[in-house]
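Novice: JSON, C-alpha atoms, file model_13.json:
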[["chain", "number", "residue", "atom", "x", "y", "z"],
["A", 1, "MET", "CA", 41.53, -5.04, 76.20],
["A", 2, "LYS", "CA", 38.91, -2.54, 75.04],
["A", 3, "ARG", "CA", 37.29, -2.64, 78.48],
["A", 4, "HIS", "CA", 40.65, -2.24, 80.22],
["A", 5, "PHE", "CA", 41.78, 0.80, 78.21],
["A", 6, "LYS", "CA", 38.45, 2.47, 77.40],
["A", 7, "SER", "CA", 38.87, 5.31, 79.93],
["A", 8, "LYS", "CA", 42.40, 6.19, 78.74],
["A", 9, "ALA", "CA", 42.98, 8.86, 76.08],
["A", 10, "PHE", "CA", 46.15, 7.00, 75.09],
["A", 11, "PHE", "CA", 48.44, 4.32, 76.49],
["A", 12, "GLU", "CA", 51.94, 2.99, 75.84],
["A", 13, "THR", "CA", 53.64, -0.33, 75.10],
["A", 14, "GLN", "CA", 54.48, -0.90, 78.79],
["A", 15, "ASP", "CA", 50.77, -0.52, 79.66],
["A", 16, "ILE", "CA", 49.91, -3.27, 77.14],
["A", 17, "VAL", "CA", 52.69, -5.48, 78.58],
["A", 18, "ALA", "CA", 51.23, -4.97, 82.10],
["A", 19, "PHE", "CA", 47.76, -5.85, 80.76],
["A", 20, "TYR", "CA", 48.99, -9.20, 79.39],
["A", 21, "GLU", "CA", 51.09, -9.94, 82.50],
["A", 22, "GLN", "CA", 47.89, -10.08, 84.57],
["A", 23, "THR", "CA", 47.11, -13.44, 82.97],
["A", 24, "GLU", "CA", 50.47, -14.47, 81.44],
["A", 25, "LYS", "CA", 53.14, -13.83, 84.03],
["A", 26, "ASP", "CA", 56.26, -14.55, 81.92],
["A", 27, "ILE", "CA", 55.11, -13.16, 78.58],
["A", 28, "LYS", "CA", 57.99, -12.06, 76.34],
["A", 29, "LEU", "CA", 58.20, -8.53, 74.92],
["A", 30, "THR", "CA", 58.60, -9.98, 71.41],
["A", 31, "THR", "CA", 55.26, -11.79, 71.86],
["A", 32, "VAL", "CA", 53.57, -8.57, 73.03],
["A", 33, "ASN", "CA", 55.04, -6.64, 70.08],
["A", 34, "TRP", "CA", 53.73, -9.25, 67.65],
["A", 35, "ARG", "CA", 50.26, -9.04, 69.26],
["A", 36, "ILE", "CA", 50.34, -5.24, 69.08],
["A", 37, "HIS", "CA", 51.21, -5.48, 65.37],
["A", 38, "THR", "CA", 48.24, -7.82, 64.78],
["A", 39, "LEU", "CA", 45.88, -5.60, 66.81],
["A", 40, "VAL", "CA", 46.93, -2.52, 64.84],
["A", 41, "GLN", "CA", 46.45, -4.39, 61.54],
["A", 42, "SER", "CA", 42.97, -5.51, 62.58],
["A", 43, "GLY", "CA", 41.97, -2.04, 63.77],
["A", 44, "VAL", "CA", 41.58, -2.82, 67.50],
["A", 45, "LEU", "CA", 44.47, -0.48, 68.27],
["A", 46, "GLN", "CA", 45.50, 2.74, 66.56],
["A", 47, "ARG", "CA", 49.17, 3.80, 66.61],
["A", 48, "ILE", "CA", 49.51, 7.55, 67.33],
["A", 49, "GLY", "CA", 53.26, 7.74, 67.82],
["A", 50, "ARG", "CA", 56.28, 5.63, 68.71],
["A", 51, "GLY", "CA", 55.07, 3.21, 71.39],
["A", 52, "LYS", "CA", 51.80, 5.16, 71.82],
["A", 53, "PHE", "CA", 48.33, 3.84, 71.08],
["A", 54, "THR", "CA", 44.65, 4.56, 71.38],
["A", 55, "LEU", "CA", 41.64, 2.32, 70.80],
["A", 56, "GLY", "CA", 39.82, 2.12, 67.50],
["A", 57, "GLU", "CA", 40.68, 2.03, 63.87],
["A", 58, "GLY", "CA", 43.09, 4.53, 62.40],
["A", 59, "ARG", "CA", 41.72, 6.99, 59.86],
["A", 60, "ASN", "CA", 44.42, 8.01, 57.44],
["A", 61, "TYR", "CA", 44.26, 11.36, 55.73],
["A", 62, "VAL", "CA", 44.37, 11.09, 51.94],
["A", 63, "PRO", "CA", 43.93, 14.48, 50.24],
["A", 64, "GLU", "CA", 41.90, 14.85, 47.07],
["A", 65, "ILE", "CA", 44.08, 15.60, 44.08],
["A", 66, "SER", "CA", 42.45, 17.76, 41.41],
["A", 67, "SER", "CA", 43.14, 17.09, 37.74],
["A", 68, "ALA", "CA", 44.85, 20.54, 37.51],
["A", 69, "THR", "CA", 47.25, 19.63, 40.35],
["A", 70, "LYS", "CA", 47.94, 16.26, 38.75],
["A", 71, "LYS", "CA", 48.69, 17.93, 35.41],
["A", 72, "ILE", "CA", 51.15, 20.40, 36.95],
["A", 73, "PHE", "CA", 52.90, 17.67, 38.92],
["A", 74, "LYS", "CA", 53.26, 15.54, 35.78],
["A", 75, "LYS", "CA", 54.82, 18.46, 33.86],
["A", 76, "LEU", "CA", 57.22, 19.24, 36.70],
["A", 77, "LYS", "CA", 58.23, 15.60, 37.08],
["A", 78, "ALA", "CA", 58.92, 15.34, 33.36],
["A", 79, "GLU", "CA", 61.05, 18.51, 33.43],
["A", 80, "PHE", "CA", 62.79, 17.78, 36.77],
["A", 81, "PRO", "CA", 62.88, 13.97, 37.05],
["A", 82, "PHE", "CA", 65.49, 13.92, 39.83],
["A", 83, "ALA", "CA", 64.09, 16.71, 42.00],
["A", 84, "ASN", "CA", 62.11, 16.06, 45.15],
["A", 85, "LEU", "CA", 58.68, 17.61, 44.75],
["A", 86, "CYS", "CA", 55.61, 18.12, 46.89],
["A", 87, "VAL", "CA", 52.56, 19.78, 45.34],
["A", 88, "TRP", "CA", 49.37, 20.68, 47.18],
["A", 89, "HIS", "CA", 46.54, 23.21, 47.13],
["A", 90, "THR", "CA", 45.74, 25.31, 50.19],
["A", 91, "SER", "CA", 42.00, 24.72, 49.64],
["A", 92, "LEU", "CA", 42.65, 21.29, 51.26],
["A", 93, "LEU", "CA", 42.57, 23.17, 54.57],
["A", 94, "ASN", "CA", 38.92, 24.18, 54.04],
["A", 95, "GLU", "CA", 37.79, 20.84, 55.41],
["A", 96, "PHE", "CA", 39.11, 21.85, 58.84],
["A", 97, "MET", "CA", 38.28, 25.57, 58.83],
["A", 98, "GLN", "CA", 35.35, 27.54, 60.19],
["A", 99, "HIS", "CA", 35.79, 30.58, 57.93],
["A", 100, "GLN", "CA", 36.68, 29.97, 54.31],
["A", 101, "PRO", "CA", 39.46, 32.21, 52.95],
["A", 102, "ASN", "CA", 38.94, 34.10, 49.70],
["A", 103, "ARG", "CA", 42.29, 33.24, 48.14],
["A", 104, "PHE", "CA", 44.09, 29.98, 47.61],
["A", 105, "PHE", "CA", 47.54, 28.96, 46.46],
["A", 106, "LEU", "CA", 48.98, 25.97, 44.67],
["A", 107, "LEU", "CA", 52.15, 25.22, 46.61],
["A", 108, "VAL", "CA", 55.06, 23.69, 44.74],
["A", 109, "GLU", "CA", 57.83, 22.64, 47.10],
["A", 110, "THR", "CA", 61.16, 21.39, 45.82],
["A", 111, "ASP", "CA", 64.84, 21.12, 46.72],
["A", 112, "LYS", "CA", 66.44, 24.46, 47.56],
["A", 113, "GLU", "CA", 68.75, 24.31, 44.53],
["A", 114, "THR", "CA", 65.82, 23.61, 42.17],
["A", 115, "THR", "CA", 63.45, 26.40, 43.36],
["A", 116, "ASN", "CA", 64.60, 29.01, 40.83],
["A", 117, "SER", "CA", 64.50, 26.59, 37.89],
["A", 118, "VAL", "CA", 61.00, 25.47, 38.91],
["A", 119, "PHE", "CA", 59.95, 29.12, 39.24],
["A", 120, "TYR", "CA", 61.11, 30.00, 35.70],
["A", 121, "PHE", "CA", 59.59, 26.83, 34.28],
["A", 122, "LEU", "CA", 56.19, 27.63, 35.83],
["A", 123, "ARG", "CA", 56.45, 31.24, 34.67],
["A", 124, "GLU", "CA", 56.50, 29.94, 31.09],
["A", 125, "ILE", "CA", 53.15, 28.22, 31.66],
["A", 126, "LYS", "CA", 51.47, 30.46, 34.25],
["A", 127, "LYS", "CA", 51.60, 34.19, 34.93],
["A", 128, "SER", "CA", 51.16, 34.37, 38.70],
["A", 129, "VAL", "CA", 54.13, 32.54, 40.19],
["A", 130, "PHE", "CA", 56.04, 33.68, 43.28],
["A", 131, "VAL", "CA", 59.09, 32.30, 45.11],
["A", 132, "GLU", "CA", 58.92, 32.37, 48.92],
["A", 133, "PRO", "CA", 56.83, 35.61, 48.85],
["A", 134, "THR", "CA", 56.79, 38.09, 51.74],
["A", 135, "THR", "CA", 53.57, 39.45, 53.25],
["A", 136, "ASP", "CA", 54.21, 42.69, 51.37],
["A", 137, "ILE", "CA", 54.44, 40.91, 47.98],
["A", 138, "LEU", "CA", 51.31, 38.87, 48.70],
["A", 139, "GLU", "CA", 49.32, 41.96, 49.60],
["A", 140, "LYS", "CA", 50.58, 44.08, 46.69],
["A", 141, "TYR", "CA", 50.51, 41.66, 43.81],
["A", 142, "ILE", "CA", 48.10, 38.88, 44.58],
["A", 143, "VAL", "CA", 44.56, 39.44, 43.36],
["A", 144, "ASN", "CA", 41.84, 37.32, 44.95],
["A", 145, "GLY", "CA", 40.40, 34.64, 42.76],
["A", 146, "LYS", "CA", 43.43, 34.29, 40.48],
["A", 147, "GLU", "CA", 45.24, 30.96, 40.35],
["A", 148, "ILE", "CA", 48.43, 31.68, 42.29],
["A", 149, "PHE", "CA", 51.49, 29.41, 42.32],
["A", 150, "ILE", "CA", 53.97, 29.66, 45.17],
["A", 151, "VAL", "CA", 57.34, 27.94, 44.90],
["A", 152, "LYS", "CA", 59.00, 27.07, 48.22],
["A", 153, "SER", "CA", 62.02, 25.04, 49.22],
["A", 154, "LEU", "CA", 61.09, 21.63, 50.57],
["A", 155, "VAL", "CA", 62.49, 20.88, 54.03],
["A", 156, "SER", "CA", 64.60, 17.72, 53.82],
["A", 157, "GLU", "CA", 62.81, 14.58, 55.07],
["A", 158, "ALA", "CA", 59.46, 16.41, 55.06],
["A", 159, "PRO", "CA", 56.67, 13.84, 55.48],
["A", 160, "THR", "CA", 54.96, 13.55, 52.07],
["A", 161, "GLN", "CA", 52.78, 10.83, 50.52],
["A", 162, "ASN", "CA", 52.03, 9.63, 47.02],
["A", 163, "VAL", "CA", 48.37, 9.96, 46.02],
["A", 164, "ASN", "CA", 47.34, 9.09, 42.43],
["A", 165, "ASN", "CA", 50.98, 9.41, 41.29],
["A", 166, "VAL", "CA", 51.31, 12.88, 42.82],
["A", 167, "GLU", "CA", 53.76, 13.50, 45.65],
["A", 168, "THR", "CA", 51.72, 15.61, 48.04],
["A", 169, "THR", "CA", 51.34, 16.61, 51.67],
["A", 170, "THR", "CA", 50.49, 14.47, 54.69],
["A", 171, "ILE", "CA", 48.29, 15.80, 57.48],
["A", 172, "GLU", "CA", 51.34, 16.02, 59.76],
["A", 173, "LYS", "CA", 53.19, 18.20, 57.26],
["A", 174, "MET", "CA", 50.15, 20.39, 56.64],
["A", 175, "LEU", "CA", 49.64, 21.13, 60.34],
["A", 176, "VAL", "CA", 53.31, 21.89, 60.98],
["A", 177, "ASP", "CA", 53.45, 24.12, 57.90],
["A", 178, "ILE", "CA", 50.54, 26.33, 58.98],
["A", 179, "PHE", "CA", 52.03, 26.51, 62.48],
["A", 180, "CYS", "CA", 55.46, 27.61, 61.17],
["A", 181, "ASP", "CA", 54.50, 29.91, 58.30],
["A", 182, "ASP", "CA", 52.22, 32.86, 59.08],
["A", 183, "VAL", "CA", 52.90, 34.54, 55.72],
["A", 184, "ILE", "CA", 51.50, 32.01, 53.24],
["A", 185, "PHE", "CA", 49.06, 30.69, 55.84],
["A", 186, "SER", "CA", 47.95, 34.08, 57.21],
["A", 187, "ALA", "CA", 44.28, 33.01, 56.84],
["A", 188, "GLN", "CA", 44.92, 30.01, 59.08],
["A", 189, "GLN", "CA", 46.36, 31.77, 62.13],
["A", 190, "GLY", "CA", 44.92, 32.50, 65.60],
["A", 191, "ALA", "CA", 41.56, 30.97, 66.51],
["A", 192, "GLU", "CA", 41.32, 29.44, 63.03],
["A", 193, "MET", "CA", 44.49, 27.45, 63.65],
["A", 194, "ARG", "CA", 43.07, 26.04, 66.88],
["A", 195, "THR", "CA", 39.95, 24.98, 64.94],
["A", 196, "ILE", "CA", 42.06, 23.31, 62.22],
["A", 197, "PHE", "CA", 44.13, 21.34, 64.75],
["A", 198, "LYS", "CA", 41.05, 20.28, 66.75],
["A", 199, "GLU", "CA", 39.22, 19.13, 63.60],
["A", 200, "ALA", "CA", 42.27, 17.30, 62.25],
["A", 201, "PHE", "CA", 42.84, 15.45, 65.53],
["A", 202, "ALA", "CA", 39.14, 14.55, 65.78],
["A", 203, "LYS", "CA", 38.82, 13.25, 62.20],
["A", 204, "TYR", "CA", 42.14, 11.60, 61.44],
["A", 205, "THR", "CA", 45.01, 9.62, 62.92],
["A", 206, "ILE", "CA", 47.92, 11.99, 63.51],
["A", 207, "ASN", "CA", 51.32, 10.32, 63.79],
["A", 208, "GLN", "CA", 52.89, 12.32, 66.61],
["A", 209, "SER", "CA", 56.44, 11.05, 66.04],
["A", 210, "LYS", "CA", 56.32, 12.00, 62.36],
["A", 211, "MET", "CA", 54.83, 15.40, 63.19],
["A", 212, "LEU", "CA", 57.41, 16.20, 65.88],
["A", 213, "ARG", "CA", 60.34, 15.08, 63.71],
["A", 214, "TYR", "CA", 59.22, 17.47, 60.99],
["A", 215, "ALA", "CA", 58.57, 20.30, 63.49],
["A", 216, "ASP", "CA", 62.08, 19.70, 64.82],
["A", 217, "ARG", "CA", 63.52, 20.09, 61.31],
["A", 218, "ARG", "CA", 61.66, 23.41, 61.15],
["A", 219, "ARG", "CA", 63.00, 24.34, 64.62],
["A", 220, "LYS", "CA", 59.55, 24.58, 66.16],
["A", 221, "LYS", "CA", 59.27, 21.31, 68.08],
["A", 222, "GLU", "CA", 58.92, 22.77, 71.57],
["A", 223, "GLU", "CA", 56.44, 25.49, 70.56],
["A", 224, "LEU", "CA", 54.32, 23.00, 68.63],
["A", 225, "THR", "CA", 54.29, 20.51, 71.53],
["A", 226, "LYS", "CA", 53.10, 23.24, 73.92],
["A", 227, "PHE", "CA", 50.43, 24.41, 71.47],
["A", 228, "VAL", "CA", 48.99, 20.97, 70.77],
["A", 229, "LYS", "CA", 48.92, 19.99, 74.45],
["A", 230, "THR", "CA", 46.38, 22.79, 74.95],
["A", 231, "ILE", "CA", 44.18, 21.25, 72.24],
["A", 232, "SER", "CA", 44.31, 17.46, 72.34],
["A", 233, "ASN", "CA", 44.18, 15.02, 75.22],
["A", 234, "LEU", "CA", 45.78, 12.46, 72.87],
["A", 235, "TRP", "CA", 49.01, 14.42, 72.71],
["A", 236, "GLN", "CA", 51.99, 12.93, 74.55],
["A", 237, "HIS", "CA", 52.63, 14.26, 78.05]]
In structure tokens, how does this file's structure come out?
Specialist:
Amino acid sequence: MKRHFKSKAFFETQDIVAFYEQTEKDIKLTTVNWRIHTLVQSGVLQRIGRGKFTLGEGRNYVPEISSATKKIFKKLKAEFPFANLCVWHTSLLNEFMQHQPNRFFLLVETDKETTNSVFYFLREIKKSVFVEPTTDILEKYIVNGKEIFIVKSLVSEAPTQNVNNVETTTIEKMLVDIFCDDVIFSAQQGAEMRTIFKEAFAKYTINQSKMLRYADRRRKKEELTKFVKTISNLWQH
């Protein structure tokens, strides 16, 4: 199998079926699906989207969670036990960037109806907290080097993951967010964004289906697809 697919950037379920049919004429699709499952589990195949694969073991992105982030998340969860939350620090993007920005934000995303309550709660603990700030607000009031909290509404069904009991971002969410928001992620635009996407695709397994579903919820699916096609030969065609 590795020899057969080694020259392909990616291949699909029907290609794997055709591969098995060379030696097993009447092989059932259920049998092929079971084999695919086993091959993915053992790391021979890597799933990069619905019915799309590449060779080699998948490398999942698991962000580092600082003790400060963990502490904030714990406080928020205690105060808002029923709210959906996603907390992450923009310094996580440094791993993929060529030029390091001089200011970072701790992003606290929650349900639209909870954003104001979360904002006031954080204001009690921290001074620099902003809700969905504009470029103007960021430039006027944000001083480099200060710990800045930004409260945003969390898009429903956004792809998050739980790391060390903190609900945080996935790589798919992170990439879509910087693509869609040029205010908070102004330091990650232009050539820097291309670098981030290239690095992310080179280092980690990106689930295309998950990424596109989220981009669709942010109404940027088509633009994102076009953009990524110019960067990665693994992207669906």
Novice: Quick one: contact table of stretch 32-92 of chain A to stretch 184-201 of chain A, 12 Å max, nearest atom pair and distance in Å to one decimal per residue, counting all atoms listed in the file, chain and number order, as CSV?
Specialist:
residue,atom,partner,partner_atom,distance
A:Ile48,CA,A:Phe201,CA,10.5
A:Gly58,CA,A:Phe201,CA,11.4
A:Arg59,CA,A:Phe201,CA,10.2
A:Asn60,CA,A:Ala200,CA,10.7
A:Tyr61,CA,A:Ala200,CA,9.0
A:His89,CA,A:Phe185,CA,11.8
A:Thr90,CA,A:Phe185,CA,8.5
A:Ser91,CA,A:Phe185,CA,11.1
A:Leu92,CA,A:Ile196,CA,11.2
Novice: Mind giving me the straight-line distance from atom CA of A:Thr225 to atom CA of A:Leu138 in Å, one decimal?
Specialist: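 Distance reported for this atom pair: 29.4 Å.
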Novice: Could you check the closest approach to A:Glu167 for each of A:Val183, A:Val87, A:Met211, A:Leu76 and tell me which residue wins, using only C-alpha atoms?
Specialist: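 Of all the options, A:Val87 lies closest to A:Glu167.
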Novice: Mind giving me the straight-line distance from atom CA of A:Leu107 to atom CA of A:Cys86 in Å, one decimal?
Specialist: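 Atom-to-atom, atom CA of A:Leu107 to atom CA of A:Cys86, that is 7.9 Å.
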Novice: By how many Å are atom CA of A:Ser117 and atom CA of A:Glu64 apart?
Specialist: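 Straight-line distance from atom CA of A:Ser117 to atom CA of A:Glu64 works out to 27.1 Å.
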Novice: Which residues of stretch 36-155 of chain A have any atom within 8 Å of an atom in stretch 206-209 of chain A when counting only C-alpha atoms, and what is the closest pair of atoms for each, with the distance in Å to one decimal? Order the rows by chain and rising number and write it as JSON lines.
Specialist:
{"residue": "A:Arg47", "atom": "CA", "partner": "A:Asn207", "partner_atom": "CA", "distance": 7.4}
{"residue": "A:Ile48", "atom": "CA", "partner": "A:Asn207", "partner_atom": "CA", "distance": 4.8}
{"residue": "A:Gly49", "atom": "CA", "partner": "A:Gln208", "partner_atom": "CA", "distance": 4.8}
{"residue": "A:Arg50", "atom": "CA", "partner": "A:Ser209", "partner_atom": "CA", "distance": 6.0}
